[in-house]
$ cat run02.cif   # mmCIF, C-alpha atoms
data_protein
#
loop_
_atom_site.group_PDB
_atom_site.id
_atom_site.type_symbol
_atom_site.label_atom_id
_atom_site.label_comp_id
_atom_site.auth_asym_id
_atom_site.auth_seq_id
_atom_site.Cartn_x
_atom_site.Cartn_y
_atom_site.Cartn_z
ATOM 1 C CA MET A 1 -41.367 -26.799 96.311
ATOM 2 C CA SER A 2 -38.338 -25.670 98.286
ATOM 3 C CA LYS A 3 -35.088 -24.526 96.712
ATOM 4 C CA ARG A 4 -33.366 -27.571 98.183
ATOM 5 C CA THR A 5 -35.870 -29.893 96.494
ATOM 6 C CA ILE A 6 -35.447 -28.092 93.179
ATOM 7 C CA LEU A 7 -31.675 -28.372 93.458
ATOM 8 C CA ILE A 8 -31.850 -32.091 94.201
ATOM 9 C CA LEU A 9 -34.202 -32.655 91.275
ATOM 10 C CA PHE A 10 -31.911 -30.664 88.987
ATOM 11 C CA LEU A 11 -28.853 -32.639 90.052
ATOM 12 C CA PHE A 12 -30.761 -35.894 89.592
ATOM 13 C CA VAL A 13 -31.852 -34.949 86.052
ATOM 14 C CA ALA A 14 -28.320 -33.770 85.246
ATOM 15 C CA ALA A 15 -26.865 -37.058 86.495
ATOM 16 C CA VAL A 16 -29.315 -39.114 84.435
ATOM 17 C CA ALA A 17 -28.598 -36.993 81.345
ATOM 18 C CA ALA A 18 -24.859 -37.357 81.899
ATOM 19 C CA TYR A 19 -25.207 -41.120 82.264
ATOM 20 C CA PHE A 20 -27.143 -41.539 79.024
ATOM 21 C CA GLY A 21 -24.859 -39.074 77.265
ATOM 22 C CA MET A 22 -21.785 -41.077 78.253
ATOM 23 C CA ARG A 23 -23.475 -44.302 77.168
ATOM 24 C CA ALA A 24 -24.250 -42.826 73.764
ATOM 25 C CA TYR A 25 -20.728 -41.398 73.424
ATOM 26 C CA SER A 26 -19.055 -44.669 74.388
ATOM 27 C CA ALA A 27 -21.352 -46.972 72.416
ATOM 28 C CA LYS A 28 -19.476 -49.376 70.151
ATOM 29 C CA VAL A 29 -20.140 -49.630 66.440
ATOM 30 C CA PRO A 30 -23.007 -52.159 66.067
ATOM 31 C CA GLN A 31 -22.445 -55.543 64.494
ATOM 32 C CA ALA A 32 -24.910 -57.042 62.033
ATOM 33 C CA ALA A 33 -25.381 -60.050 64.322
ATOM 34 C CA ASP A 34 -27.333 -57.762 66.661
ATOM 35 C CA VAL A 35 -29.547 -56.211 63.981
ATOM 36 C CA THR A 36 -32.310 -57.468 61.661
ATOM 37 C CA ALA A 37 -31.570 -57.104 57.945
ATOM 38 C CA GLU A 38 -33.731 -54.535 56.180
ATOM 39 C CA THR A 39 -33.724 -56.393 52.881
ATOM 40 C CA THR A 40 -32.438 -59.545 51.197
ATOM 41 C CA VAL A 41 -30.700 -59.456 47.827
ATOM 42 C CA GLY A 42 -28.792 -61.900 45.663
ATOM 43 C CA ALA A 43 -25.046 -61.263 45.347
ATOM 44 C CA GLU A 44 -25.161 -61.092 41.553
ATOM 45 C CA SER A 45 -28.085 -58.699 41.606
ATOM 46 C CA LEU A 46 -26.431 -56.484 44.224
ATOM 47 C CA PHE A 47 -23.182 -56.285 42.273
ATOM 48 C CA ASN A 48 -25.011 -55.519 39.025
ATOM 49 C CA GLU A 49 -26.923 -52.667 40.669
ATOM 50 C CA PHE A 50 -23.696 -51.028 41.868
ATOM 51 C CA ALA A 51 -21.829 -51.689 38.627
ATOM 52 C CA THR A 52 -24.666 -50.143 36.627
ATOM 53 C CA ASP A 53 -25.365 -47.079 38.776
ATOM 54 C CA GLU A 54 -23.145 -46.727 41.821
ATOM 55 C CA THR A 55 -24.884 -43.601 43.091
ATOM 56 C CA LYS A 56 -28.394 -45.005 42.835
ATOM 57 C CA ALA A 57 -27.374 -48.297 44.432
ATOM 58 C CA GLY A 58 -25.578 -46.392 47.179
ATOM 59 C CA VAL A 59 -28.733 -44.514 48.072
ATOM 60 C CA ARG A 60 -30.617 -47.798 48.186
ATOM 61 C CA TYR A 61 -28.135 -49.882 50.195
ATOM 62 C CA ASN A 62 -25.333 -47.887 51.846
ATOM 63 C CA ASP A 63 -25.293 -47.824 55.653
ATOM 64 C CA LYS A 64 -28.174 -50.320 55.745
ATOM 65 C CA VAL A 65 -28.044 -53.852 57.115
ATOM 66 C CA ILE A 66 -28.696 -56.097 54.151
ATOM 67 C CA GLU A 67 -28.734 -59.854 53.779
ATOM 68 C CA VAL A 68 -26.813 -61.075 50.753
ATOM 69 C CA VAL A 69 -27.325 -64.558 49.375
ATOM 70 C CA GLY A 70 -24.768 -66.067 47.063
ATOM 71 C CA ALA A 71 -22.202 -68.731 46.249
ATOM 72 C CA VAL A 72 -18.843 -68.588 48.011
ATOM 73 C CA LYS A 73 -16.083 -67.841 45.504
ATOM 74 C CA ASP A 74 -13.225 -67.415 47.934
ATOM 75 C CA VAL A 75 -12.478 -67.122 51.646
ATOM 76 C CA SER A 76 -9.503 -65.108 52.870
ATOM 77 C CA VAL A 77 -8.179 -64.669 56.390
ATOM 78 C CA SER A 78 -5.829 -61.804 57.245
ATOM 79 C CA ALA A 79 -2.750 -62.102 59.442
ATOM 80 C CA ASP A 80 -4.790 -60.867 62.425
ATOM 81 C CA GLY A 81 -7.500 -63.471 61.848
ATOM 82 C CA ARG A 82 -10.166 -61.395 60.120
ATOM 83 C CA MET A 83 -12.173 -63.360 57.600
ATOM 84 C CA SER A 84 -13.538 -62.052 54.313
ATOM 85 C CA VAL A 85 -15.985 -64.144 52.303
ATOM 86 C CA HIS A 86 -16.057 -63.345 48.589
ATOM 87 C CA LEU A 87 -19.390 -64.091 46.918
ATOM 88 C CA GLU A 88 -19.731 -64.833 43.230
ATOM 89 C CA SER A 89 -21.108 -61.930 41.241
ATOM 90 C CA GLY A 90 -21.060 -63.501 37.810
ATOM 91 C CA ASP A 91 -18.722 -60.683 36.730
ATOM 92 C CA PRO A 92 -14.936 -61.154 36.512
ATOM 93 C CA MET A 93 -14.423 -57.460 37.305
ATOM 94 C CA GLY A 94 -15.424 -57.893 40.935
ATOM 95 C CA GLY A 95 -17.750 -59.422 43.468
ATOM 96 C CA VAL A 96 -19.370 -58.980 46.862
ATOM 97 C CA VAL A 97 -16.904 -59.000 49.756
ATOM 98 C CA CYS A 98 -18.317 -59.759 53.194
ATOM 99 C CA ASP A 99 -15.925 -58.677 55.946
ATOM 100 C CA PHE A 100 -16.290 -60.281 59.390
ATOM 101 C CA SER A 101 -15.080 -58.240 62.382
ATOM 102 C CA GLU A 102 -15.870 -61.085 64.754
ATOM 103 C CA LYS A 103 -14.793 -64.703 64.528
ATOM 104 C CA ALA A 104 -16.928 -67.046 62.447
ATOM 105 C CA ALA A 105 -16.457 -70.486 60.964
ATOM 106 C CA PRO A 106 -15.285 -70.216 57.335
ATOM 107 C CA PRO A 107 -17.684 -71.584 54.730
ATOM 108 C CA ALA A 108 -16.606 -73.981 51.983
ATOM 109 C CA ILE A 109 -15.935 -72.729 48.460
ATOM 110 C CA GLY A 110 -19.070 -73.274 46.392
ATOM 111 C CA ASP A 111 -21.460 -73.223 49.354
ATOM 112 C CA THR A 112 -24.529 -71.011 49.064
ATOM 113 C CA VAL A 113 -24.629 -68.749 52.099
ATOM 114 C CA ALA A 114 -26.749 -65.926 53.482
ATOM 115 C CA ILE A 115 -24.700 -63.185 55.116
ATOM 116 C CA LYS A 116 -25.998 -59.992 56.677
ATOM 117 C CA GLY A 117 -23.932 -56.897 57.180
ATOM 118 C CA PHE A 118 -23.663 -53.132 56.750
ATOM 119 C CA CYS A 119 -23.251 -52.087 53.118
ATOM 120 C CA ALA A 120 -20.277 -49.717 52.743
ATOM 121 C CA GLY A 121 -20.361 -49.140 49.005
ATOM 122 C CA TYR A 122 -18.598 -50.117 45.798
ATOM 123 C CA ASN A 123 -14.885 -50.013 45.002
ATOM 124 C CA PHE A 124 -14.290 -52.741 42.386
ATOM 125 C CA ASP A 125 -16.210 -54.950 44.835
ATOM 126 C CA VAL A 126 -19.357 -54.296 46.857
ATOM 127 C CA LEU A 127 -18.167 -54.188 50.469
ATOM 128 C CA ILE A 128 -20.363 -55.493 53.284
ATOM 129 C CA GLN A 129 -18.950 -54.943 56.776
ATOM 130 C CA ARG A 130 -19.419 -56.214 60.316
ATOM 131 C CA CYS A 131 -20.971 -59.326 58.881
ATOM 132 C CA ALA A 132 -22.650 -62.337 60.408
ATOM 133 C CA PHE A 133 -24.077 -65.486 58.869
ATOM 134 C CA SER A 134 -27.873 -65.429 58.715
ATOM 135 C CA LEU A 135 -28.376 -69.185 58.585
ATOM 136 C CA ALA A 136 -26.335 -72.143 59.786
ATOM 137 C CA HIS A 137 -23.999 -73.269 57.035
ATOM 138 C CA MET B 1 -11.010 -65.951 37.539
ATOM 139 C CA ASN B 2 -9.824 -65.218 41.083
ATOM 140 C CA GLN B 3 -9.997 -61.871 42.872
ATOM 141 C CA VAL B 4 -6.401 -60.922 42.074
ATOM 142 C CA GLN B 5 -6.929 -61.581 38.377
ATOM 143 C CA ALA B 6 -10.150 -59.586 38.530
ATOM 144 C CA LEU B 7 -8.221 -56.677 40.027
ATOM 145 C CA PHE B 8 -5.892 -56.877 37.071
ATOM 146 C CA CYS B 9 -8.861 -56.399 34.776
ATOM 147 C CA ALA B 10 -9.962 -53.442 36.873
ATOM 148 C CA SER B 11 -6.440 -52.033 36.791
ATOM 149 C CA LEU B 12 -6.826 -51.488 33.065
ATOM 150 C CA ALA B 13 -9.077 -48.592 34.004
ATOM 151 C CA LEU B 14 -6.468 -47.177 36.359
ATOM 152 C CA LEU B 15 -3.310 -47.594 34.256
ATOM 153 C CA PRO B 16 -4.360 -47.505 30.613
ATOM 154 C CA LEU B 17 -1.121 -46.176 29.159
ATOM 155 C CA LEU B 18 1.230 -48.799 30.517
ATOM 156 C CA SER B 19 2.909 -51.363 28.328
ATOM 157 C CA ASN B 20 1.475 -54.869 28.626
ATOM 158 C CA ALA B 21 5.030 -56.169 29.016
ATOM 159 C CA GLN B 22 5.390 -54.562 32.484
ATOM 160 C CA ASP B 23 4.617 -56.722 35.520
ATOM 161 C CA LYS B 24 1.688 -55.470 37.529
ATOM 162 C CA TYR B 25 0.969 -56.125 41.185
ATOM 163 C CA GLY B 26 -2.364 -55.731 42.915
ATOM 164 C CA SER B 27 -4.066 -55.774 46.288
ATOM 165 C CA ARG B 28 -7.619 -55.467 47.562
ATOM 166 C CA ASP B 29 -6.765 -55.586 51.261
ATOM 167 C CA GLY B 30 -4.490 -52.621 51.661
ATOM 168 C CA GLU B 31 -4.512 -51.109 55.139
ATOM 169 C CA ILE B 32 -4.794 -47.381 55.768
ATOM 170 C CA THR B 33 -4.774 -46.039 59.320
ATOM 171 C CA PHE B 34 -5.324 -42.506 60.407
ATOM 172 C CA PHE B 35 -4.467 -41.095 63.797
ATOM 173 C CA SER B 36 -5.486 -37.769 65.279
ATOM 174 C CA GLN B 37 -3.698 -36.757 68.439
ATOM 175 C CA ALA B 38 -5.268 -33.846 70.294
ATOM 176 C CA PRO B 39 -5.186 -32.651 73.921
ATOM 177 C CA LEU B 40 -8.792 -33.644 74.577
ATOM 178 C CA GLU B 41 -8.898 -36.933 72.705
ATOM 179 C CA ASP B 42 -6.926 -39.295 70.473
ATOM 180 C CA ILE B 43 -8.880 -40.707 67.540
ATOM 181 C CA THR B 44 -7.800 -43.614 65.372
ATOM 182 C CA ALA B 45 -9.509 -45.523 62.562
ATOM 183 C CA VAL B 46 -8.434 -48.389 60.311
ATOM 184 C CA ASN B 47 -9.434 -49.199 56.745
ATOM 185 C CA ARG B 48 -8.497 -52.727 55.648
ATOM 186 C CA LYS B 49 -10.002 -52.669 52.166
ATOM 187 C CA ALA B 50 -7.913 -50.338 50.030
ATOM 188 C CA ALA B 51 -7.535 -51.486 46.420
ATOM 189 C CA SER B 52 -4.242 -50.744 44.729
ATOM 190 C CA VAL B 53 -2.208 -51.488 41.639
ATOM 191 C CA PHE B 54 1.580 -51.061 41.388
ATOM 192 C CA VAL B 55 3.973 -51.392 38.478
ATOM 193 C CA PRO B 56 7.563 -51.726 39.762
ATOM 194 C CA ALA B 57 9.233 -51.064 36.411
ATOM 195 C CA SER B 58 7.765 -47.569 36.170
ATOM 196 C CA GLY B 59 6.943 -46.984 39.835
ATOM 197 C CA ALA B 60 3.343 -46.181 38.934
ATOM 198 C CA LEU B 61 1.051 -46.699 41.914
ATOM 199 C CA GLU B 62 -2.614 -46.004 42.471
ATOM 200 C CA PHE B 63 -4.982 -46.798 45.285
ATOM 201 C CA SER B 64 -8.646 -46.279 45.931
ATOM 202 C CA THR B 65 -10.649 -46.882 49.086
ATOM 203 C CA LEU B 66 -14.139 -46.379 50.477
ATOM 204 C CA ILE B 67 -14.433 -43.785 53.235
ATOM 205 C CA LYS B 68 -17.150 -45.874 54.887
ATOM 206 C CA ALA B 69 -14.618 -48.684 55.249
ATOM 207 C CA PHE B 70 -12.775 -46.753 57.985
ATOM 208 C CA GLU B 71 -13.565 -48.489 61.256
ATOM 209 C CA PHE B 72 -13.733 -46.631 64.556
ATOM 210 C CA GLU B 73 -14.099 -47.988 68.056
ATOM 211 C CA LYS B 74 -17.011 -45.714 68.881
ATOM 212 C CA ALA B 75 -20.223 -45.516 66.863
ATOM 213 C CA LEU B 76 -20.617 -41.752 67.365
ATOM 214 C CA MET B 77 -17.114 -41.077 66.015
ATOM 215 C CA GLN B 78 -17.802 -43.181 62.923
ATOM 216 C CA GLU B 79 -21.097 -41.420 62.355
ATOM 217 C CA HIS B 80 -19.650 -37.907 62.720
ATOM 218 C CA PHE B 81 -16.655 -38.818 60.553
ATOM 219 C CA ASN B 82 -18.863 -39.963 57.680
ATOM 220 C CA GLU B 83 -21.790 -37.559 57.940
ATOM 221 C CA ASN B 84 -20.334 -34.320 59.292
ATOM 222 C CA TYR B 85 -16.693 -34.239 58.171
ATOM 223 C CA MET B 86 -15.993 -36.514 55.202
ATOM 224 C CA GLU B 87 -19.569 -36.334 53.792
ATOM 225 C CA SER B 88 -18.999 -39.834 52.482
ATOM 226 C CA GLY B 89 -22.426 -39.934 50.830
ATOM 227 C CA ALA B 90 -21.272 -37.253 48.390
ATOM 228 C CA PHE B 91 -17.576 -38.203 48.324
ATOM 229 C CA PRO B 92 -17.496 -41.980 48.832
ATOM 230 C CA LYS B 93 -13.820 -42.614 48.060
ATOM 231 C CA ALA B 94 -10.308 -41.391 48.691
ATOM 232 C CA THR B 95 -7.785 -41.999 45.913
ATOM 233 C CA PHE B 96 -4.106 -41.603 45.166
ATOM 234 C CA LYS B 97 -2.545 -41.536 41.714
ATOM 235 C CA GLY B 98 1.192 -41.224 41.396
ATOM 236 C CA ARG B 99 4.421 -43.106 41.526
ATOM 237 C CA LEU B 100 7.171 -44.368 43.746
ATOM 238 C CA VAL B 101 10.511 -42.796 42.903
ATOM 239 C CA ALA B 102 13.560 -44.978 43.392
ATOM 240 C CA GLU B 103 16.823 -43.615 44.752
ATOM 241 C CA GLU B 104 19.458 -43.020 42.095
ATOM 242 C CA GLY B 105 20.858 -46.292 40.851
ATOM 243 C CA ASP B 106 18.195 -48.371 42.608
ATOM 244 C CA ASP B 107 15.961 -50.842 40.770
ATOM 245 C CA LEU B 108 12.523 -51.414 42.312
ATOM 246 C CA THR B 109 12.131 -54.717 40.471
ATOM 247 C CA LYS B 110 15.001 -56.265 42.465
ATOM 248 C CA SER B 111 14.547 -58.145 45.748
ATOM 249 C CA GLY B 112 15.350 -56.179 48.858
ATOM 250 C CA THR B 113 14.228 -53.188 50.877
ATOM 251 C CA HIS B 114 14.073 -49.929 48.965
ATOM 252 C CA SER B 115 13.678 -46.392 50.275
ATOM 253 C CA VAL B 116 11.421 -44.520 47.883
ATOM 254 C CA GLY B 117 9.945 -41.117 47.296
ATOM 255 C CA VAL B 118 6.177 -40.948 46.831
ATOM 256 C CA GLU B 119 4.867 -38.351 44.381
ATOM 257 C CA GLY B 120 1.319 -37.920 43.197
ATOM 258 C CA VAL B 121 -2.134 -36.515 43.775
ATOM 259 C CA LEU B 122 -4.218 -37.405 46.821
ATOM 260 C CA THR B 123 -7.955 -36.851 46.502
ATOM 261 C CA ILE B 124 -10.024 -36.673 49.683
ATOM 262 C CA HIS B 125 -13.498 -35.190 50.057
ATOM 263 C CA GLY B 126 -13.444 -34.442 46.322
ATOM 264 C CA VAL B 127 -10.409 -32.141 46.657
ATOM 265 C CA GLU B 128 -7.166 -33.001 44.871
ATOM 266 C CA LYS B 129 -3.874 -32.064 46.503
ATOM 267 C CA PRO B 130 -0.295 -32.887 45.493
ATOM 268 C CA LEU B 131 1.354 -35.340 47.857
ATOM 269 C CA SER B 132 5.124 -35.677 48.223
ATOM 270 C CA THR B 133 6.447 -37.975 50.907
ATOM 271 C CA THR B 134 8.672 -41.008 51.474
ATOM 272 C CA GLY B 135 8.058 -44.698 51.823
ATOM 273 C CA THR B 136 9.585 -48.145 51.917
ATOM 274 C CA LEU B 137 9.205 -50.930 49.396
ATOM 275 C CA GLU B 138 10.037 -54.497 50.341
ATOM 276 C CA VAL B 139 10.436 -56.883 47.417
ATOM 277 C CA THR B 140 10.808 -60.576 48.146
ATOM 278 C CA SER B 141 12.151 -63.298 45.869
ATOM 279 C CA ASP B 142 8.774 -65.115 45.921
ATOM 280 C CA GLY B 143 7.058 -62.293 44.067
ATOM 281 C CA LYS B 144 5.520 -60.441 46.999
ATOM 282 C CA ILE B 145 5.807 -56.698 47.448
ATOM 283 C CA LYS B 146 4.977 -54.627 50.504
ATOM 284 C CA ALA B 147 4.706 -50.864 50.365
ATOM 285 C CA THR B 148 4.545 -48.676 53.458
ATOM 286 C CA SER B 149 4.408 -44.949 53.950
ATOM 287 C CA LYS B 150 3.492 -42.437 56.597
ATOM 288 C CA PHE B 151 2.508 -38.815 56.031
ATOM 289 C CA SER B 152 0.290 -36.051 57.405
ATOM 290 C CA VAL B 153 -2.794 -34.446 55.987
ATOM 291 C CA SER B 154 -4.606 -31.277 57.020
ATOM 292 C CA PRO B 155 -8.422 -31.635 56.921
ATOM 293 C CA GLU B 156 -8.823 -28.037 55.820
ATOM 294 C CA ASP B 157 -6.572 -28.649 52.776
ATOM 295 C CA HIS B 158 -9.234 -31.022 51.473
ATOM 296 C CA GLY B 159 -12.182 -28.769 52.182
ATOM 297 C CA ILE B 160 -13.134 -30.530 55.419
ATOM 298 C CA SER B 161 -14.601 -28.081 57.912
ATOM 299 C CA ILE B 162 -14.159 -28.798 61.586
ATOM 300 C CA PRO B 163 -16.650 -26.847 63.743
ATOM 301 C CA GLY B 164 -15.124 -24.568 66.321
ATOM 302 C CA VAL B 165 -16.743 -26.385 69.256
ATOM 303 C CA VAL B 166 -14.828 -29.595 68.457
ATOM 304 C CA ARG B 167 -11.725 -28.119 66.838
ATOM 305 C CA GLU B 168 -9.580 -28.841 69.887
ATOM 306 C CA LYS B 169 -10.630 -32.500 69.774
ATOM 307 C CA ILE B 170 -9.136 -33.064 66.320
ATOM 308 C CA ALA B 171 -5.495 -32.617 65.357
ATOM 309 C CA LYS B 172 -4.519 -29.892 62.880
ATOM 310 C CA GLU B 173 -2.500 -32.514 61.003
ATOM 311 C CA ILE B 174 -3.845 -36.064 60.780
ATOM 312 C CA SER B 175 -1.241 -38.835 60.576
ATOM 313 C CA ILE B 176 -1.910 -41.365 57.783
ATOM 314 C CA SER B 177 -0.150 -44.753 57.607
ATOM 315 C CA VAL B 178 -0.360 -46.903 54.495
ATOM 316 C CA ASN B 179 0.561 -50.589 54.465
ATOM 317 C CA ILE B 180 -0.204 -52.544 51.293
ATOM 318 C CA SER B 181 0.903 -56.081 50.462
ATOM 319 C CA TYR B 182 0.804 -56.845 46.760
ATOM 320 C CA ALA B 183 0.658 -60.052 44.776
ATOM 321 C CA LYS B 184 1.562 -60.368 41.144
ATOM 322 C CA LEU B 185 -1.400 -60.107 38.812
#

$ encode --input "run02.cif" --output "structure tokens"
Amino acid sequence: MSKRTILILFLFVAAVAAYFGMRAYSAKVPQAADVTAETTVGAESLFNEFATDETKAGVRYNDKVIEVVGAVKDVSVSADGRMSVHLESGDPMGGVVCDFSEKAAPPAIGDTVAIKGFCAGYNFDVLIQRCAFSLAH
Amino acid sequence: MNQVQALFCASLALLPLLSNAQDKYGSRDGEITFFSQAPLEDITAVNRKAASVFVPASGALEFSTLIKAFEFEKALMQEHFNENYMESGAFPKATFKGRLVAEEGDDLTKSGTHSVGVEGVLTIHGVEKPLSTTGTLEVTSDGKIKATSKFSVSPEDHGISIPGVVREKIAKEISISVNISYAKL
């Protein structure tokens, strides 16, 4: 193989590596709508797990896409249009908050919904981010 | 019981020594933004889920937020932030415990815009550091309160190591902006 051929091959490999490197660097944070949930859990059960042992529940759920099923307790929309759906936990101390980064139709209070999203942890509420509805509601 | 009332119940764990006669205000949607300006790259992230309780009569203020709730534009930045720098698995939250200090003669329970001092302890990455800065408190006649503040934090002060190969990509001092709207509990 000539030096010229080797150089061309090297530049080609470098260009491909640079392309995929830039793609990886520029990749947006994934939304749950694009990912399959790893597990399904009831909102009350999820909240109880975190309230009982935050560390253990964090190992089990944090950073994972989970589907949470529960009754809608409240729906709030921020000034910039971001919706949060609060699911009933059965505990007055807190609940499961499902935060939607992308627009979605708000559910009715009392509806039972299935929402998938990335579990971020527990801070008075269990926070699920980048959410999407699993089923039509 | 709605979310705001539930936060009141939770606030009992944060402010146990306060008199029950003092009005308490709470929020679960406080916004915290950090901004790193460096020659190679600017990095910004927003956290819209800070929980906070404020008592105007005493100025006592506390907030708590999940590190994983900081949202970045790029997935790699969010991953490095959580796994390499903040180690959010081991240190899941950032907290502040302190008080707003009114100017002499000012009453934070009155409607209006108040310039305040902010004094307390900021805990990030498991490391507590005193924080002394300024802020603004807007009190409206309909019972709403908005607190804003802006200050800088050095990652190294909170035990956050930035590898040499990326040190020039991250500012020595990170700018933090806090914007919390409270409702009466």

$ interface_residues --input "run02.cif" --of "chain A" --to "chain B" --cutoff "10 Å" --atoms "only C-alpha atoms" --output "VMD selection string"
chain A and resid 24 to 30 55 58 to 59 62 to 63 73 to 74 78 82 84 86 91 to 95 97 99 101 118 to 125 127 to 130

$ atom_distance --input "run02.cif" --atom1 "CA of Phe91 in chain B" --atom2 "CA of Val46 in chain B"
18.2 Å

$ residues_around --input "run02.cif" --residues "Ala57 in chain B" --least-positions-apart "5" --cutoff "10 Å" --atoms "all atoms listed in the file" --output "PyMOL selection string"
chain B and resi 21-24+107-110

$ write_last_selection --input "run02.cif" --atoms "C-alpha atoms" --output "PDB file, keeping the file's coordinate frame"
ATOM      1  CA  ALA B  21       5.030 -56.169  29.016  1.00  0.00           C
ATOM      2  CA  GLN B  22       5.390 -54.562  32.484  1.00  0.00           C
ATOM      3  CA  ASP B  23       4.617 -56.722  35.520  1.00  0.00           C
ATOM      4  CA  LYS B  24       1.688 -55.470  37.529  1.00  0.00           C
ATOM      5  CA  ASP B 107      15.961 -50.842  40.770  1.00  0.00           C
ATOM      6  CA  LEU B 108      12.523 -51.414  42.312  1.00  0.00           C
ATOM      7  CA  THR B 109      12.131 -54.717  40.471  1.00  0.00           C
ATOM      8  CA  LYS B 110      15.001 -56.265  42.465  1.00  0.00           C
TER       9      LYS B 110
END

$ resolve_selection --input "run02.cif" --expression "the PyMOL selection byres ((chain A and resi 44) around 9)" --output "PyMOL selection string"
chain A and resi 41-43+45-49+69-70+87-91+95-96

$ write_last_selection --input "run02.cif" --atoms "C-alpha atoms" --output "compact mmCIF listing (two decimals), in the frame of the given file"
# COMPACT_ATOMS: atom_id res chain seq x y z
CA VAL A 41 -30.70 -59.46 47.83
CA GLY A 42 -28.79 -61.90 45.66
CA ALA A 43 -25.05 -61.26 45.35
CA SER A 45 -28.08 -58.70 41.61
CA LEU A 46 -26.43 -56.48 44.22
CA PHE A 47 -23.18 -56.28 42.27
CA ASN A 48 -25.01 -55.52 39.02
CA GLU A 49 -26.92 -52.67 40.67
CA VAL A 69 -27.32 -64.56 49.38
CA GLY A 70 -24.77 -66.07 47.06
CA LEU A 87 -19.39 -64.09 46.92
CA GLU A 88 -19.73 -64.83 43.23
CA SER A 89 -21.11 -61.93 41.24
CA GLY A 90 -21.06 -63.50 37.81
CA ASP A 91 -18.72 -60.68 36.73
CA GLY A 95 -17.75 -59.42 43.47
CA VAL A 96 -19.37 -58.98 46.86

$ residues_around --input "run02.cif" --residues "Leu61 in chain B" --least-positions-apart "4" --cutoff "6 Å" --atoms "only C-alpha atoms" --output "PyMOL selection string"
chain B and resi 53-54+98-99

$ atom_distance --input "run02.cif" --atom1 "CA of Val139 in chain B" --atom2 "CA of Gly105 in chain B"
16.2 Å
